[in-house]
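Read through the structure below, which is laid out as structure tokens, and then see the notes.
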Amino acid sequence: MSRLRLAGATIWNPHAYRRLHEQTLAHRADIVHFHNTFPLLSPSAWYAARRAGAAVVQTLHNFRLMCPAAVLYRDGHVCEQCAGLTIPFPAVRHRCYRDNRGASAILAAMLGTHKMARTYHRAVDCYIALSEFARAKMIQGGLPARKIAIKPNFIEPAPSIGVGAGKFALFVGRLTREKGVATLLDAWERHTARNPGSTGVKLLIAGDGPLAELVRSKVAELPRVEYVGRQTPDRIIELMRDAALLVFPSEWYEGMPRTLIESFACGTPALACDIGTMPEMIKPGVNGELVRPGEATELAGALDKLLADPARLSAMRPGARQAYEDHYTAHRNIESLLACYKAAIARRHPNAAPVS
């Protein structure tokens, strides 16, 4: 596509509109559930589904509708400059989308156009946020509060519960700055300097990404740390069952991380940062602990205390599994999803008989 055509289709794609309208009619759909319309479905797809009589549901996996970068994070820190703005000009100035001013401008134009047209109020019957925190942020960004329901992520089938017999702490994730891996390495250096061989617990780092070379170089210098690289999903579950503790030092607004849900399902407590959704998921002393984001000294102190007290970690394992059972099973998820669908249909067809 030419840049001009791409810009136009991002704001309104007539081809996507026609195709979605045809398919909604052909399947006689009651609901069209979207997970992403960006870039080339465009918000036109919502209008197409509604024109065909369907209710529209949109899951908010990120903050795209208020932040062109979608993550509320820029230059190593949380950024909310565009939150609540009709046209997110700061994102253009900072090249927030793909480090490209032109592409950022296209995205800003799409968001601004549909805010002014009140698309986000008129064309979607129910939004699904993954957490209370995400819901509050999207309301701050201008979405209608009455239309935003909460349905967390889930995993199925549930793994069996582990006992944490592996004598290691585990990091699983993409090796990037916002995931906190550099802070973790700094904290581990402080932890091992204060506890030279006292606990015998090591740190396993699983994942890949831009900071992989930094991780490799640090692993060569630090004691009791091993980098195992990218692993299969089944192997990750095995590691989580054996881990004494999951370390989740993310320094940005995570959505609803599958890694944390998997850890809870395995009965493994988590040490995470007190930011975004984490305080909703982690109850200190019950299924994990929280520290301030980006604070290596505080993270090291928490590692000192937790890894020196295996009985305390073991006592939190039932709480971790209970968090999974209470919130993140398929059964809980389908109940929440059906409630969202019923609410969406009721808004789309207010005079129809209630859906049973």
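Following the order of the structure tokens, first chain is A, next is B, and so on, with residues numbered from 1 inside each chain and ligands from 1 in the order they appear.
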
Quiz item: Contacts of Phe168 (chain A) at 7 Å or less, counting only C-alpha atoms, minus same-chain residues fewer than 6 places along, as number ranges by chain?
Solution: A: 201-204, 243-244

Self-check item: Contacts of Gly112 (chain A) at 12 Å (only C-alpha atoms; same-chain gap of 6+ positions) as JSON, numbers by chain
Solution: {"A": [11, 65, 66, 67, 68, 82, 84, 85, 86, 87, 88, 89, 105, 106, 118, 119, 120, 142]}

Exercise. Give the helix (DSSP H, G or I) residues of region 120-163 of chain A, as DSSP finds them on the backbone, and put them as a ChimeraX atom specification.
Key: /A:120-122,132-140,145-147

Please produce, as a tab-separated table, a per-residue contact table for region 106-225 of chain A versus region 312-334 of chain A (criterion: any atom at most 9 Å away, only C-alpha atoms considered), showing the nearest atom pair and its distance in Å to one decimal, sorted by chain then residue number.
```
residue	atom	partner	partner_atom	distance
A:Lys151	CA	A:Asn333	CA	6.7
A:Pro152	CA	A:Tyr328	CA	6.9
A:Asn153	CA	A:Tyr328	CA	6.4
A:Phe154	CA	A:Tyr328	CA	4.4
A:Ile155	CA	A:Thr329	CA	6.2
A:Glu156	CA	A:Ala330	CA	6.1
A:Pro157	CA	A:Ala330	CA	8.1
A:Ala158	CA	A:Thr329	CA	7.6
A:Ile161	CA	A:Arg321	CA	7.6
A:Gly162	CA	A:Arg317	CA	8.7
A:Val163	CA	A:Ser314	CA	7.6
A:Gly164	CA	A:Ser314	CA	7.7
```

Could you pull the residues within 8 Å of region 249-257 of chain A, counting only C-alpha atoms, minus those fewer than 3 positions along the same chain, as a tab-separated table (two decimals) with C-alpha atoms, in the first residue's frame?
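And here is the file that came out, result13.tsv:
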```tsv
chain	number	residue	atom	x	y	z
A	61	HIS	CA	-5.58	-6.14	25.47
A	62	ASN	CA	-3.54	-2.93	25.63
A	71	VAL	CA	1.70	0.53	26.30
A	72	LEU	CA	1.80	3.85	28.20
A	73	TYR	CA	5.59	3.54	28.34
A	77	HIS	CA	9.42	5.18	32.10
A	78	VAL	CA	5.63	5.15	32.34
A	130	LEU	CA	-8.44	-7.39	31.87
A	131	SER	CA	-8.30	-5.74	35.30
A	134	ALA	CA	-6.93	-1.25	33.08
A	152	PRO	CA	-9.18	-11.53	33.26
A	153	ASN	CA	-7.13	-13.95	31.19
A	178	GLU	CA	10.47	-2.59	30.69
A	179	LYS	CA	10.35	-6.21	31.89
A	180	GLY	CA	12.88	-5.29	34.57
A	181	VAL	CA	15.53	-7.87	33.74
A	183	THR	CA	17.06	-4.35	37.55
A	184	LEU	CA	16.81	-8.03	38.47
A	260	LEU	CA	1.92	-14.90	36.46
A	261	ILE	CA	-1.27	-16.92	35.99
A	271	LEU	CA	7.79	-11.46	43.76
A	272	ALA	CA	6.64	-8.57	41.57
A	273	CYS	CA	6.62	-4.79	41.32
A	275	ILE	CA	2.64	-1.18	39.61
A	276	GLY	CA	-0.39	-1.45	37.35
A	277	THR	CA	-2.39	-4.65	37.72
A	278	MET	CA	0.10	-6.39	40.03
A	293	PRO	CA	9.43	-0.86	40.44
A	294	GLY	CA	12.99	-0.19	39.31
```

Please build the interface table for region 78-179 of chain A against region 18-39 of chain A with a cut-off of 10 Å, listing for each qualifying residue the nearest atom pair and the distance in Å to one decimal; count only C-alpha atoms, order rows by chain and increasing number, and write it as a tab-separated table.
```
residue	atom	partner	partner_atom	distance
A:Ile106	CA	A:Pro39	CA	9.9
A:Leu107	CA	A:Pro39	CA	8.6
A:Met110	CA	A:Pro39	CA	9.5
A:Val124	CA	A:Phe34	CA	9.9
A:Asp125	CA	A:Ile31	CA	9.7
A:Cys126	CA	A:His33	CA	9.4
A:Tyr127	CA	A:Phe34	CA	9.6
A:Ile128	CA	A:His35	CA	9.6
```

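Across A:Ala70, A:Ala16, A:Ala311, A:Val219, the tightest approach to Ala165 (chain A) is made by A:Ala311 when counting only C-alpha atoms.
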
Quiz item: With only C-alpha atoms as the basis for distance, which of A:Ser42, A:Arg348, A:Tyr97, A:Pro223 is at the shortest distance from Gly200 (chain A)?
Solution: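 Among A:Ser42, A:Arg348, A:Tyr97, A:Pro223, it is A:Pro223 that comes nearest to Gly200 (chain A).
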
Exercise. Can you work out which one of A:Ala117, A:Ala346, A:Ala145, A:Ala45 has the shortest atom-to-atom distance to Thr10 (chain A), counting only C-alpha atoms?
Key: A:Ala45
